[in-house]
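K.L.:
Submitted below is the structure of interest, expressed as structure tokens.
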Amino acid sequence: MLGKTHQLVANLSLACLSQKERHIMYPRWGGIESGATLSDEFRIMWEIEEIGSEKKQLVHRCYVDSNDTKDHGCVTRALDHAEGCIGFIESYSEEDSTEEEFLENLGMFMGITSHHIADLCTPVHVGHKINFKNLGYSSLSRFHNKVERDIFRFQNKSSIKFSKPKIVELSDKYFWNIANDTYNNIFLKLESVYETKDEQYIIDISSQVVSNAVKHTTDVWHTILHKTKMTKRKWTMQPLI
Ligand SMILES: [Zn+2]
């Protein structure tokens with residue numbers, strides 16, 4: 001997913017939260033927006049599978065059509081960052097940092113979490129077994145870029161569905177299911193869609209990708225804020241509008 005699409009997903013997800021949640025998160029918009037594109041800007045591609053392990057994983061990929069755990073890093077990252085947000089909130093103490101610093105950093109961590117969730121909703125991040133040569137591309141990465149550019153290009157023509165946030169169970173399985181749904185419902189259709197080059201089908205893909213990314217980001221953010229009772233506390237910084 002391109003940086004601008006990541007920012008759109010984070011922006012729309014913010015709009016889907018409840019009013020109380022938005023009032024906490026909205027003034028931290030700068031943090032969320034930079035978090036949503038941070039790992040791409042720093043070109044963080046590989047990270048270790050877990051603390052203490054030597055094995056590295058691709059952090060922006062969860063290839064459902066691969067059995068090698070190195071290709072499943074995006075699930076690990078999405079879960080680690082979601083749980084990391086909860087831990088970060090729970091360990092906040094006014095003695096260590098100001099409310100403003102705390103919320104700014106939280107915004108950034110929420111943005112990073114959104115990035116990895118949105119990657120799990122992007123078809124070319126969840127599958128790699130596709131006959132790209134048949135579609136006229138010289139490499140998988142060229143095809144990957146084409147699909148991501150199209151998702152961005154057709155954003156304005158997409159019909160994005162919004163739903164009320166719900167509490168989800170944050171687990172490996174939860175994030176794996178997101179990747180699996182993207183793989184089955186979108187990735188497996190890519191080859192025939194790009195064979196036809198029918199614009200309407202590509203717009204449909206763009207609509208599904210952005211809608212799913214917003215839905216899952218909203219659910220995870222809502223779960224984090226609900227579990228930590230963030231809306232029950234008194235925060236001094238509120239939106240200007
Ligand atoms: Zn990414």
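Scheme for the structure tokens: letters A, B, ... for chains in order shown; per-chain residue numbers from 1; ligand numbers from 1 in order shown.
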Could the residues that lie within 9 Å of ligand 1, counting only C-alpha atoms and all ligand atoms, be listed as number ranges by chain?
P.N.:
A: 1-3, 6, 36-37, 39-40, 44-45, 59-61, 74, 115-120, 125
K.L.:
Given only C-alpha atoms as the basis, pick out the residue of A:Trp46, A:Leu79, A:Gly52, A:Trp29 nearest to A:Trp176.
P.N.:
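Going through A:Trp46, A:Leu79, A:Gly52, A:Trp29 one by one, the smallest distance to A:Trp176 is for A:Leu79.
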K.L.:
Can you list, as a PyMOL selection string, every protein, DNA or RNA residue that comes within 7 Å of stretch 229-231 of chain A when you count only C-alpha atoms, leaving out same-chain residues fewer than 3 positions away?
P.N.:
chain A and resi 20-21+225-226
K.L.:
Report, in Å to a single decimal, how far apart atom CA of A:Glu90 and atom CA of A:Trp235 are.
P.N.:
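It comes out at 15.3 Å.
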K.L.:
Return the single residue from A:Glu50, A:Glu33, A:Asp150, A:Glu83 that is closest to A:Gly107, with distances computed using only C-alpha atoms.
P.N.:
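The answer is A:Glu33, which sits nearest to A:Gly107.
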K.L.:
Would you mind telling me which residue in A:Ala82, A:Lys197, A:Gln208, A:Ser141 lies nearest to A:Tyr174 when using only C-alpha atoms?
P.N.:
A:Ala82
K.L.:
Residues within 6 Å of stretch 154-162 of chain A, please, as a list in words. Count only C-alpha atoms; anything in the same chain fewer than 3 positions from it doesn't count.
P.N.:
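Counting only the stated atoms, we get Asp150, Ile151, Ile203, Ser207 and Ser211 of chain A.
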K.L.:
Generate the output file for the selected residues, N, CA, C and O atoms, as a PDB file, in the first residue's frame.
P.N.:
ATOM      1  N   ASP A 150      -2.734   1.353  -8.409  1.00  0.00           N
ATOM      2  CA  ASP A 150      -4.148   1.322  -8.810  1.00  0.00           C
ATOM      3  C   ASP A 150      -5.073   1.525  -7.610  1.00  0.00           C
ATOM      4  O   ASP A 150      -6.077   2.218  -7.711  1.00  0.00           O
ATOM      5  N   ILE A 151      -4.714   0.901  -6.487  1.00  0.00           N
ATOM      6  CA  ILE A 151      -5.549   1.064  -5.283  1.00  0.00           C
ATOM      7  C   ILE A 151      -5.605   2.551  -4.920  1.00  0.00           C
ATOM      8  O   ILE A 151      -6.658   3.082  -4.569  1.00  0.00           O
ATOM      9  N   ILE A 203     -11.564  -1.011  -9.581  1.00  0.00           N
ATOM     10  CA  ILE A 203     -12.200  -0.103  -8.603  1.00  0.00           C
ATOM     11  C   ILE A 203     -12.800  -0.928  -7.452  1.00  0.00           C
ATOM     12  O   ILE A 203     -12.679  -0.560  -6.287  1.00  0.00           O
ATOM     13  N   SER A 207     -11.939  -0.596  -3.520  1.00  0.00           N
ATOM     14  CA  SER A 207     -12.990  -0.381  -2.516  1.00  0.00           C
ATOM     15  C   SER A 207     -12.873  -1.407  -1.388  1.00  0.00           C
ATOM     16  O   SER A 207     -12.965  -1.056  -0.208  1.00  0.00           O
ATOM     17  N   SER A 211     -11.854  -0.449   2.446  1.00  0.00           N
ATOM     18  CA  SER A 211     -12.927  -0.720   3.419  1.00  0.00           C
ATOM     19  C   SER A 211     -12.459  -1.700   4.498  1.00  0.00           C
ATOM     20  O   SER A 211     -12.700  -1.489   5.686  1.00  0.00           O
TER      21      SER A 211
END
